[in-house]
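Below: model_1.cif (mmCIF, C-alpha atoms and all ligand atoms)
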data_work
loop_
_atom_site.label_atom_id
_atom_site.label_comp_id
_atom_site.auth_asym_id
_atom_site.auth_seq_id
_atom_site.Cartn_x
_atom_site.Cartn_y
_atom_site.Cartn_z
CA MET A 152 26.85 13.52 -2.27
CA LYS A 153 23.89 15.20 -0.53
CA GLU A 154 22.73 16.86 -3.77
CA GLN A 155 22.91 13.58 -5.69
CA LEU A 156 20.93 11.83 -2.97
CA GLN A 157 18.34 14.62 -2.97
CA LYS A 158 17.96 14.34 -6.75
CA LEU A 159 17.50 10.58 -6.60
CA CYS A 160 14.93 10.84 -3.83
CA GLU A 161 13.01 13.49 -5.80
CA GLN A 162 13.14 11.38 -8.96
CA TYR A 163 11.50 8.42 -7.18
CA ALA A 164 9.27 10.48 -4.87
CA CYS A 165 10.94 9.04 -1.77
CA PRO A 166 10.86 11.71 0.98
CA LEU A 167 14.31 12.54 2.37
CA GLU A 168 15.02 14.00 5.81
CA THR A 169 18.35 14.98 7.32
CA ASP A 170 19.71 14.80 10.86
CA ILE A 171 16.87 12.76 12.31
CA ARG A 172 16.95 11.44 15.87
CA LEU A 173 16.94 7.64 15.90
CA SER A 174 15.38 7.74 19.37
CA GLN A 175 12.19 8.93 17.64
CA HIS A 176 12.18 5.98 15.26
CA THR A 177 12.94 3.07 17.59
CA THR A 178 10.60 1.51 20.16
CA PHE A 179 13.47 1.63 22.71
CA ARG A 180 13.45 5.45 22.32
CA ILE A 181 17.26 5.33 22.20
CA GLY A 182 19.72 6.50 19.58
CA GLY A 183 21.61 9.56 18.34
CA THR A 184 21.29 11.37 15.03
CA ALA A 185 21.34 9.74 11.60
CA ASP A 186 22.56 11.86 8.70
CA PHE A 187 19.86 10.83 6.20
CA TRP A 188 16.47 9.14 6.43
CA VAL A 189 14.65 8.07 3.25
CA ASP A 190 11.08 6.86 3.19
CA ILE A 191 10.95 4.21 0.49
CA THR A 192 7.81 4.47 -1.64
CA CYS A 193 8.60 2.19 -4.59
CA VAL A 194 10.84 -0.74 -5.52
CA GLN A 195 12.57 1.26 -8.27
CA GLY A 196 13.50 3.96 -5.76
CA LEU A 197 14.98 1.36 -3.43
CA GLN A 198 16.93 -0.23 -6.29
CA ALA A 199 18.34 3.13 -7.33
CA LEU A 200 19.25 4.10 -3.75
CA LEU A 201 20.98 0.80 -3.03
CA SER A 202 23.01 1.08 -6.24
CA PHE A 203 23.86 4.68 -5.40
CA CYS A 204 25.01 3.90 -1.85
CA ARG A 205 27.04 0.99 -3.09
CA SER A 206 28.76 2.88 -5.90
CA GLN A 207 29.49 5.87 -3.63
CA LYS A 208 30.54 3.63 -0.70
CA ILE A 209 27.95 5.29 1.55
CA PRO A 210 26.91 3.21 4.59
CA TYR A 211 23.19 2.42 4.70
CA PHE A 212 20.89 0.62 7.10
CA VAL A 213 17.39 -0.76 6.49
CA ILE A 214 14.73 -0.14 9.11
CA GLY A 215 11.10 -1.11 9.52
CA LYS A 216 9.28 -0.15 12.72
CA GLY A 217 12.55 -0.08 14.66
CA SER A 218 11.12 -2.52 17.20
CA ASN A 219 14.17 -4.76 17.36
CA ILE A 220 16.88 -2.13 17.17
CA LEU A 221 19.32 -0.76 19.70
CA ALA A 222 20.67 2.41 18.09
CA SER A 223 24.03 3.88 19.10
CA ASP A 224 24.18 7.09 21.11
CA ASP A 225 26.52 8.35 18.37
CA GLY A 226 23.86 7.83 15.73
CA PHE A 227 24.61 6.72 12.19
CA ARG A 228 26.81 8.36 9.55
CA GLY A 229 24.98 7.29 6.44
CA VAL A 230 21.53 6.69 4.97
CA ILE A 231 18.65 4.98 6.74
CA LEU A 232 16.30 3.31 4.26
CA HIS A 233 12.89 3.14 5.91
CA LEU A 234 10.38 0.59 4.64
CA GLY A 235 7.26 1.53 6.55
CA ASN A 236 3.84 3.11 6.11
CA ARG A 237 4.55 4.48 2.65
CA PHE A 238 5.36 1.00 1.43
CA SER A 239 2.61 -1.05 3.00
CA ALA A 240 0.04 -2.23 0.44
CA ILE A 241 -1.73 -5.49 1.33
CA GLU A 242 -3.58 -7.74 -1.17
CA VAL A 243 -5.69 -10.77 -0.37
CA SER A 244 -6.48 -13.50 -2.89
CA ASP A 245 -8.33 -16.53 -1.54
CA ALA A 246 -6.09 -17.76 1.33
CA THR A 247 -2.98 -15.96 0.09
CA ILE A 248 -1.87 -12.53 1.30
CA THR A 249 0.81 -10.53 -0.48
CA CYS A 250 2.06 -7.40 1.20
CA GLN A 251 4.74 -4.82 0.74
CA SER A 252 7.38 -5.26 3.40
CA GLY A 253 6.55 -2.03 5.24
CA ALA A 254 3.08 -3.29 6.18
CA ALA A 255 2.63 -3.67 9.93
CA LEU A 256 2.34 -7.28 11.01
CA GLY A 257 -0.65 -6.36 13.18
CA ALA A 258 -2.43 -4.73 10.23
CA VAL A 259 -1.87 -7.81 8.08
CA ALA A 260 -3.18 -10.03 10.89
CA ARG A 261 -6.32 -7.88 11.18
CA ILE A 262 -6.95 -8.07 7.43
CA ALA A 263 -6.44 -11.82 7.59
CA ALA A 264 -9.09 -12.00 10.32
CA GLU A 265 -11.47 -9.83 8.27
CA HIS A 266 -11.17 -12.45 5.53
CA SER A 267 -11.62 -15.31 8.04
CA LEU A 268 -8.05 -16.46 7.41
CA SER A 269 -6.24 -18.24 10.22
CA GLY A 270 -2.47 -18.54 10.82
CA MET A 271 -1.47 -15.10 12.06
CA GLU A 272 -3.17 -15.05 15.45
CA CYS A 273 0.11 -15.70 17.30
CA LEU A 274 1.95 -12.98 15.37
CA ALA A 275 -0.66 -10.21 15.61
CA GLY A 276 0.87 -8.54 18.69
CA ILE A 277 4.44 -8.33 17.39
CA PRO A 278 5.02 -4.61 16.78
CA GLY A 279 7.12 -4.84 13.59
CA THR A 280 6.72 -4.75 9.82
CA VAL A 281 6.34 -7.85 7.69
CA GLY A 282 9.83 -7.27 6.26
CA GLY A 283 11.39 -6.98 9.73
CA ALA A 284 9.45 -10.03 10.88
CA LEU A 285 10.70 -12.12 7.97
CA TYR A 286 14.28 -10.90 8.45
CA MET A 287 14.11 -11.94 12.13
CA ASN A 288 11.79 -14.93 11.58
CA ALA A 289 9.73 -13.37 14.34
CA GLY A 290 7.51 -15.62 16.38
CA ALA A 291 5.44 -15.93 19.51
CA TYR A 292 3.13 -18.34 21.32
CA GLY A 293 4.23 -21.34 19.29
CA GLY A 294 3.97 -19.71 15.84
CA GLU A 295 6.59 -18.05 13.66
CA MET A 296 6.85 -16.43 10.23
CA LYS A 297 8.36 -19.65 8.90
CA ASP A 298 4.95 -21.36 9.30
CA ILE A 299 3.14 -19.06 6.85
CA VAL A 300 5.70 -17.60 4.42
CA VAL A 301 5.54 -18.89 0.85
CA SER A 302 7.94 -16.56 -0.92
CA CYS A 303 9.25 -13.01 -1.04
CA ALA A 304 10.75 -10.47 -3.40
CA TYR A 305 13.92 -8.69 -2.38
CA VAL A 306 16.50 -6.31 -3.79
CA THR A 307 20.15 -7.29 -3.62
CA ALA A 308 22.90 -4.97 -2.43
CA TYR A 309 23.63 -4.43 -6.16
CA GLY A 310 20.08 -3.17 -6.77
CA GLU A 311 18.81 -6.29 -8.55
CA LEU A 312 15.20 -7.42 -7.92
CA CYS A 313 14.93 -11.16 -7.14
CA THR A 314 12.43 -13.62 -5.71
CA MET A 315 12.97 -16.43 -3.22
CA ASP A 316 10.88 -19.39 -2.02
CA ALA A 317 10.50 -20.03 1.69
CA LYS A 318 12.61 -23.19 1.61
CA GLU A 319 15.62 -21.15 0.43
CA MET A 320 15.33 -18.61 3.28
CA ASP A 321 17.06 -20.74 5.93
CA LEU A 322 14.44 -19.74 8.49
CA SER A 323 15.20 -20.85 12.03
CA TYR A 324 14.90 -19.34 15.51
CA ARG A 325 15.23 -15.53 14.95
CA HIS A 326 17.27 -16.11 11.81
CA SER A 327 16.85 -15.83 8.04
CA ILE A 328 19.26 -15.83 5.12
CA PHE A 329 18.75 -12.06 4.82
CA GLU A 330 21.08 -11.60 7.79
CA GLU A 331 23.83 -12.97 5.54
CA ASN A 332 22.94 -11.92 1.99
CA ALA A 333 22.09 -8.24 2.76
CA GLY A 334 18.94 -8.50 0.62
CA VAL A 335 16.25 -5.92 1.29
CA ILE A 336 12.85 -7.59 1.40
CA VAL A 337 10.25 -5.68 -0.61
CA SER A 338 7.22 -7.98 -0.59
CA VAL A 339 6.17 -11.11 1.22
CA THR A 340 3.59 -13.73 0.26
CA LEU A 341 1.89 -15.60 3.08
CA ARG A 342 -0.36 -18.67 2.86
CA LEU A 343 -3.05 -18.96 5.52
CA VAL A 344 -6.02 -21.30 5.94
CA HIS A 345 -9.74 -20.55 5.93
CA GLY A 346 -11.14 -20.60 9.45
CA ASP A 347 -13.87 -19.37 11.73
CA GLN A 348 -13.70 -15.58 12.07
CA LYS A 349 -15.04 -15.48 15.62
CA ALA A 350 -12.46 -18.04 16.80
CA ILE A 351 -9.65 -16.17 15.01
CA LEU A 352 -10.59 -12.84 16.60
CA GLU A 353 -10.99 -14.42 20.03
CA LYS A 354 -7.55 -16.05 19.83
CA MET A 355 -5.94 -12.77 18.73
CA GLU A 356 -7.62 -10.89 21.56
CA GLU A 357 -6.64 -13.52 24.13
CA LEU A 358 -2.96 -13.35 23.12
CA LEU A 359 -2.96 -9.55 23.03
CA ILE A 360 -4.32 -9.48 26.58
CA GLN A 361 -1.67 -11.99 27.61
CA ARG A 362 1.01 -9.65 26.23
CA LYS A 363 -0.41 -6.65 28.07
CA THR A 364 -0.58 -8.61 31.32
CA LYS A 365 2.86 -10.19 31.18
CA GLN A 366 5.03 -7.71 29.25
CA PRO A 367 6.13 -4.23 30.37
CA LEU A 368 4.43 -2.53 27.42
CA GLU A 369 4.10 0.68 29.44
CA TYR A 370 7.86 1.29 28.94
CA PRO A 371 9.94 1.63 25.77
CA SER A 372 11.90 -1.52 24.92
CA ALA A 373 12.91 -3.71 21.98
CA GLY A 374 10.94 -6.70 23.26
CA SER A 375 12.91 -9.70 24.50
CA THR A 376 16.45 -8.49 25.05
CA PHE A 377 18.10 -11.91 24.90
CA LYS A 378 17.57 -14.84 22.56
CA ARG A 379 16.20 -18.02 24.06
CA PRO A 380 19.18 -20.21 24.95
CA GLN A 381 18.88 -23.88 24.01
CA GLY A 382 17.32 -25.79 26.91
CA SER A 383 16.09 -22.82 28.96
CA TYR A 384 14.52 -19.34 28.87
CA ALA A 385 16.46 -16.11 29.28
CA SER A 386 13.81 -14.62 31.59
CA LEU A 387 13.88 -17.70 33.84
CA LEU A 388 17.68 -17.65 34.14
CA ILE A 389 17.77 -13.89 34.82
CA ASP A 390 15.09 -14.27 37.50
CA GLN A 391 16.91 -17.25 39.08
CA CYS A 392 20.06 -15.15 39.29
CA GLY A 393 18.18 -12.46 41.23
CA LEU A 394 18.68 -9.80 38.56
CA LYS A 395 15.09 -8.54 38.39
CA GLY A 396 15.11 -4.74 38.63
CA LEU A 397 18.89 -4.46 38.11
CA SER A 398 19.67 -1.04 36.58
CA VAL A 399 22.36 0.95 34.86
CA GLY A 400 21.23 4.56 34.55
CA ASP A 401 17.66 4.46 33.26
CA ALA A 402 18.08 1.00 31.70
CA GLN A 403 16.47 -1.64 33.86
CA VAL A 404 15.79 -5.38 33.82
CA SER A 405 12.00 -5.19 33.95
CA GLU A 406 10.44 -6.21 37.24
CA LYS A 407 7.34 -7.36 35.35
CA HIS A 408 9.19 -9.57 32.83
CA CYS A 409 12.89 -10.30 33.36
CA GLY A 410 13.43 -11.02 29.66
CA PHE A 411 12.88 -7.34 28.83
CA VAL A 412 15.34 -4.52 29.41
CA ILE A 413 13.26 -1.34 29.56
CA ASN A 414 14.01 2.34 29.18
CA LYS A 415 12.67 4.08 32.27
CA GLY A 416 13.15 7.54 30.82
CA SER A 417 16.49 8.63 29.44
CA ALA A 418 18.47 5.40 29.12
CA SER A 419 21.34 5.55 26.64
CA CYS A 420 22.57 2.79 24.38
CA ALA A 421 25.69 2.62 26.57
CA ASP A 422 23.49 2.08 29.66
CA VAL A 423 21.64 -0.79 27.96
CA LEU A 424 24.85 -2.42 26.74
CA ALA A 425 26.51 -2.13 30.17
CA LEU A 426 23.43 -3.62 31.85
CA CYS A 427 23.27 -6.46 29.33
CA GLU A 428 26.98 -7.25 29.82
CA ASN A 429 26.42 -7.39 33.56
CA VAL A 430 23.41 -9.70 33.13
CA LYS A 431 25.28 -11.97 30.70
CA GLN A 432 28.24 -12.25 33.04
CA GLN A 433 26.18 -13.07 36.11
CA VAL A 434 24.00 -15.58 34.27
CA LYS A 435 27.10 -17.28 32.86
CA GLU A 436 28.77 -17.45 36.28
CA GLN A 437 25.71 -18.68 38.12
CA THR A 438 24.12 -21.02 35.56
CA GLY A 439 26.68 -21.72 32.85
CA TYR A 440 24.31 -20.43 30.12
CA SER A 441 25.61 -17.89 27.58
CA LEU A 442 23.01 -15.28 26.70
CA GLU A 443 23.03 -13.54 23.34
CA LEU A 444 21.48 -10.15 22.53
CA GLU A 445 18.39 -10.30 20.31
CA PRO A 446 18.07 -6.66 19.14
CA VAL A 447 20.15 -5.58 16.17
CA ILE A 448 22.74 -2.89 16.95
CA LEU A 449 22.49 0.13 14.65
CA GLY A 450 25.56 2.33 14.37
C1 LIG B 1 7.04 -4.76 23.02
C2 LIG B 1 7.70 -5.66 22.00
C3 LIG B 1 7.31 -6.98 21.88
C4 LIG B 1 7.93 -7.81 20.96
N1 LIG B 1 7.52 -9.11 20.85
C5 LIG B 1 8.11 -9.94 19.97
C6 LIG B 1 7.69 -11.30 19.84
O1 LIG B 1 6.78 -11.76 20.51
N2 LIG B 1 8.35 -12.08 18.95
C7 LIG B 1 9.38 -11.61 18.17
O2 LIG B 1 9.93 -12.36 17.37
N3 LIG B 1 9.77 -10.32 18.26
C8 LIG B 1 9.17 -9.48 19.13
N4 LIG B 1 9.59 -8.17 19.22
C9 LIG B 1 10.73 -7.71 18.40
C10 LIG B 1 10.32 -7.09 17.04
O3 LIG B 1 9.01 -6.56 17.09
C11 LIG B 1 10.42 -8.10 15.91
O4 LIG B 1 11.72 -8.61 15.77
C12 LIG B 1 10.00 -7.48 14.56
O5 LIG B 1 9.87 -8.50 13.63
C13 LIG B 1 10.98 -6.44 14.02
O6 LIG B 1 10.36 -5.78 12.92
P1 LIG B 1 10.70 -4.27 12.57
O7 LIG B 1 9.95 -3.90 11.35
O8 LIG B 1 10.46 -3.40 13.75
O9 LIG B 1 12.24 -4.39 12.26
P2 LIG B 1 13.39 -3.37 12.71
O10 LIG B 1 13.48 -3.41 14.19
O11 LIG B 1 13.20 -2.07 12.06
O12 LIG B 1 14.66 -4.11 12.10
C14 LIG B 1 15.09 -5.36 12.63
C15 LIG B 1 16.09 -5.97 11.64
O13 LIG B 1 15.39 -6.30 10.45
C16 LIG B 1 16.01 -5.66 9.34
N5 LIG B 1 14.93 -5.30 8.41
C17 LIG B 1 13.80 -4.60 8.68
N6 LIG B 1 13.05 -4.50 7.58
C18 LIG B 1 13.70 -5.15 6.59
C19 LIG B 1 13.44 -5.40 5.22
N7 LIG B 1 12.33 -4.95 4.62
N8 LIG B 1 14.34 -6.09 4.50
C20 LIG B 1 15.49 -6.58 5.09
N9 LIG B 1 15.78 -6.35 6.38
C21 LIG B 1 14.90 -5.67 7.13
C22 LIG B 1 16.74 -4.45 9.91
O14 LIG B 1 17.82 -4.06 9.08
C23 LIG B 1 17.21 -5.01 11.24
O15 LIG B 1 18.40 -5.74 11.05
C24 LIG B 1 8.97 -7.32 20.13
C25 LIG B 1 9.36 -5.97 20.25
C26 LIG B 1 8.73 -5.14 21.18
C27 LIG B 1 9.14 -3.71 21.26
#

Can you dump the structure from the file as structure tokens?
Ligand SMILES: Cc1cc2nc3c(=O)[nH]c(=O)nc-3n(C[C@H](O)[C@H](O)[C@H](O)COP(=O)(O)OP(=O)(O)OC[C@H]3O[C@@H](n4cnc5c(N)ncnc54)[C@H](O)[C@@H]3O)c2cc1C
Amino acid sequence: MKEQLQKLCEQYACPLETDIRLSQHTTFRIGGTADFWVDITCVQGLQALLSFCRSQKIPYFVIGKGSNILASDDGFRGVILHLGNRFSAIEVSDATITCQSGAALGAVARIAAEHSLSGMECLAGIPGTVGGALYMNAGAYGGEMKDIVVSCAYVTAYGELCTMDAKEMDLSYRHSIFEENAGVIVSVTLRLVHGDQKAILEKMEELLIQRKTKQPLEYPSAGSTFKRPQGSYASLLIDQCGLKGLSVGDAQVSEKHCGFVINKGSASCADVLALCENVKQQVKEQTGYSLELEPVILG
């Protein structure tokens, strides 16, 4: 199997690495070893790899910047398909931006600002790729991907290249249809509006400062650890329950922002999961709210 995979990767010029540590590829800095890591460089390569994994029954997992992933301490027995820097072209045409899914959301937002295009100011500080952001329908400060996405191209689990309009994506709070259909997003088209460049840059800067002030960006994390429950905020509930600073090993409910579980050094996935279970249980008992994990579990 390894030789076949190597051949395919060579054929499509997609670099292949073996036995990589997932902790080096996730913002939580947690995770064991994955058998194979492929840097996707072209759509054809992705199509071929998906078909190969499917026909050979090899488990695979798609990753962008790894900023919403909690990877298992046992790692992953299969192939990680990475859509990142090597798949990140961005094109601007009037008020429309089309980018490959590995483009960083922040980079796209900066290019939008350079072209005096407004609509991404709220999203600029989210540390993921455009593909990951669409998959999660990422959002912040009152804006979300849903507001600006027009369409995307994706590859099905069978290796077929398809397109989809925004209205078919079932975008809602931290959800898209790609969670169900296993499609791998390869490009995303966004529609923005012409605006005043100075105002756009000022807004972006203001929100980035707000993030730095309020979020524990000095520690590894996967951002908000729990989804927002209907009718409240996870951070508010956790604070009310007196769980600020609660720890299991090196995993801690941030003292700066209760909605974040942070890695204070050598937290394991098991530590994070045990801490989250504890938090969920106490919040349920004390407030009646059920919290749900936001990061995707890998492995
Ligand atoms: C400090 C910090 C702050 C954050 N702030 C916010 C915030 O304000 N708002 C917010 O919504 N999120 C936030 N996040 C979470 C995270 O950045 C977003 O969810 C982001 O959109 C994930 O993108 P990614 O490329 O890192 O995806 P990954 O974490 O790599 O993957 C997340 C999921 O998307 C899937 N995926 C990734 N790329 C593709 C693709 N091309 N096709 C199909 N599926 C794909 C993966 O399989 C996985 O299931 C924050 C995270 C951190 C660490």

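With distances restricted to all atoms listed in the file, A:Leu343 is the closest residue to Ala246 in chain A from A:Val189, A:Ala373, A:Leu343, A:Val399.
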
Counting all atoms listed in the file, what residues are within 6 Å of ligand LIG 1 (chain B), given as a ChimeraX atom specification? /A:178,212-220,234,252,277-280,282-284,286-287,289-291,334-337,368,372-374,447

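Minimum atom-to-atom distances from A:Gly396, A:Gly253, A:Pro210, A:Gly235 to Phe411 in chain A were compared using all atoms listed in the file, and the lowest value belongs to A:Gly396.
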
As a list in words, please: the residues near range 308-325 of chain A (cut-off 6 Å, only C-alpha atoms, same-chain neighbours under 3 positions excluded).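 Using only C-alpha atoms, the neighbours found are Gln198, Leu201, Ser202, Met287, Asn288, Ala289, Val301, Ser302, Cys303, Ala304, Tyr305 and Ile328 of chain A.
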
Within 6 Å of Gly450 in chain A, counting all atoms listed in the file, which residues qualify if same-chain residues fewer than 2 places away don't, as a PyMOL selection string? chain A and resi 223+226-227

Could you name the residues that touch Ala258 in chain A at 12 Å or less, counting all atoms listed in the file, but leaving out those on the same chain fewer than 3 positions away, as a VMD selection string? chain A and resid 236 239 to 242 248 250 to 255 261 to 265 271 to 272 274 to 281

Distance criterion (only C-alpha atoms): nearest to Gly229 in chain A out of A:Ile413, A:Val404, A:Leu358, A:Leu449: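 Between A:Ile413, A:Val404, A:Leu358, A:Leu449, the residue approaching Gly229 in chain A most closely is A:Leu449.
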
Once you count all atoms listed in the file, which residues end up no further than 8 Å from (13.0, 9.4, 23.4) in the file's frame, shown as a PyMOL selection string? chain A and resi 174-175+179-181+416-417

How far is it from CA of Asp225 in chain A to CA of Ile448 in chain A, in Å with one decimal?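 The value is 11.9 Å.
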
In Å, with one decimal, what is the gap from CA of Tyr292 in chain A to CA of Ile351 in chain A? 14.4 Å

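The spacing separating CA of Arg205 in chain A from CA of Asp224 in chain A amounts to 25.1 Å.
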
With only C-alpha atoms as the counted atoms, please give the residues lying no more than 8 Å from Cys165 in chain A, apart from itself and same-chain residues fewer than 2 positions off, as JSON, numbers by chain. {"A": [160, 161, 162, 163, 167, 189, 190, 191, 192, 193, 196]}

Got a sec to check which residues sit within 12 Å of (25.1, 1.4, 29.3), counting all atoms listed in the file, and write them as a list in words? Ile181, Leu221, Ser223, Asp224, Ser398, Val399, Gly400, Asp401, Ala402, Gln403, Val412, Asn414, Ser417, Ala418, Ser419, Cys420, Ala421, Asp422, Val423, Leu424, Ala425, Leu426, Cys427, Glu428, Asn429 and Val430 of chain A

Please write the residues from the selection above to a file, keeping C-alpha atoms, as a compact mmCIF listing (two decimals), keeping the file's coordinate frame.
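What ended up in selection.txt:
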# COMPACT_ATOMS: atom_id res chain seq x y z
CA ILE A 181 17.26 5.33 22.20
CA LEU A 221 19.32 -0.76 19.70
CA SER A 223 24.03 3.88 19.10
CA ASP A 224 24.18 7.09 21.11
CA SER A 398 19.67 -1.04 36.58
CA VAL A 399 22.36 0.95 34.86
CA GLY A 400 21.23 4.56 34.55
CA ASP A 401 17.66 4.46 33.26
CA ALA A 402 18.08 1.00 31.70
CA GLN A 403 16.47 -1.64 33.86
CA VAL A 412 15.34 -4.52 29.41
CA ASN A 414 14.01 2.34 29.18
CA SER A 417 16.49 8.63 29.44
CA ALA A 418 18.47 5.40 29.12
CA SER A 419 21.34 5.55 26.64
CA CYS A 420 22.57 2.79 24.38
CA ALA A 421 25.69 2.62 26.57
CA ASP A 422 23.49 2.08 29.66
CA VAL A 423 21.64 -0.79 27.96
CA LEU A 424 24.85 -2.42 26.74
CA ALA A 425 26.51 -2.13 30.17
CA LEU A 426 23.43 -3.62 31.85
CA CYS A 427 23.27 -6.46 29.33
CA GLU A 428 26.98 -7.25 29.82
CA ASN A 429 26.42 -7.39 33.56
CA VAL A 430 23.41 -9.70 33.13

Which residue is closest to Val339 in chain A? Choose from A:Ala164, A:Leu388, A:Val300, A:Leu442 and count all atoms listed in the file.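 Of the candidates, the smallest distance to Val339 in chain A is held by A:Val300.
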
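Distance check against Gln432 in chain A using only C-alpha atoms: of A:Asn332, A:Cys409, A:Leu394, A:Val344, the minimum falls on A:Leu394.
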
Residue nearest His176 in chain A among A:Pro371, A:Lys208, A:Ile389, A:Thr364 (counting only C-alpha atoms):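 The answer is A:Pro371, which sits nearest to His176 in chain A.
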
Show me, as a ChimeraX atom specification, the residues that have an atom within 10 Å of Glu443 in chain A when counting only C-alpha atoms, minus same-chain residues fewer than 3 positions from it. /A:376-380,385,427-428,431,440,446

Provide range 179-190 of chain A rebuilt to N, CA and C atoms, formatted as a compact mmCIF listing (two decimals), in the frame of the given file.
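Final output, saved to result39.txt:
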# COMPACT_ATOMS: atom_id res chain seq x y z
N PHE A 179 12.67 1.48 21.49
CA PHE A 179 13.47 1.63 22.71
C PHE A 179 13.61 3.12 23.09
N ARG A 180 13.29 4.00 22.13
CA ARG A 180 13.45 5.45 22.32
C ARG A 180 14.90 5.81 22.67
N ILE A 181 15.82 5.14 21.97
CA ILE A 181 17.26 5.33 22.20
C ILE A 181 17.92 5.54 20.84
N GLY A 182 18.94 6.37 20.81
CA GLY A 182 19.72 6.50 19.58
C GLY A 182 20.00 7.95 19.24
N GLY A 183 21.21 8.21 18.75
CA GLY A 183 21.61 9.56 18.34
C GLY A 183 21.06 9.91 16.95
N THR A 184 21.77 10.82 16.30
CA THR A 184 21.29 11.37 15.03
C THR A 184 21.80 10.58 13.82
N ALA A 185 20.91 10.34 12.88
CA ALA A 185 21.34 9.74 11.60
C ALA A 185 21.38 10.85 10.56
N ASP A 186 22.38 10.78 9.69
CA ASP A 186 22.56 11.86 8.70
C ASP A 186 21.36 11.97 7.76
N PHE A 187 20.93 10.81 7.20
CA PHE A 187 19.86 10.83 6.20
C PHE A 187 18.83 9.74 6.49
N TRP A 188 17.59 10.08 6.23
CA TRP A 188 16.47 9.14 6.43
C TRP A 188 15.62 9.21 5.17
N VAL A 189 15.47 8.08 4.48
CA VAL A 189 14.65 8.07 3.25
C VAL A 189 13.47 7.15 3.43
N ASP A 190 12.29 7.68 3.16
CA ASP A 190 11.08 6.86 3.19
C ASP A 190 10.90 6.22 1.82
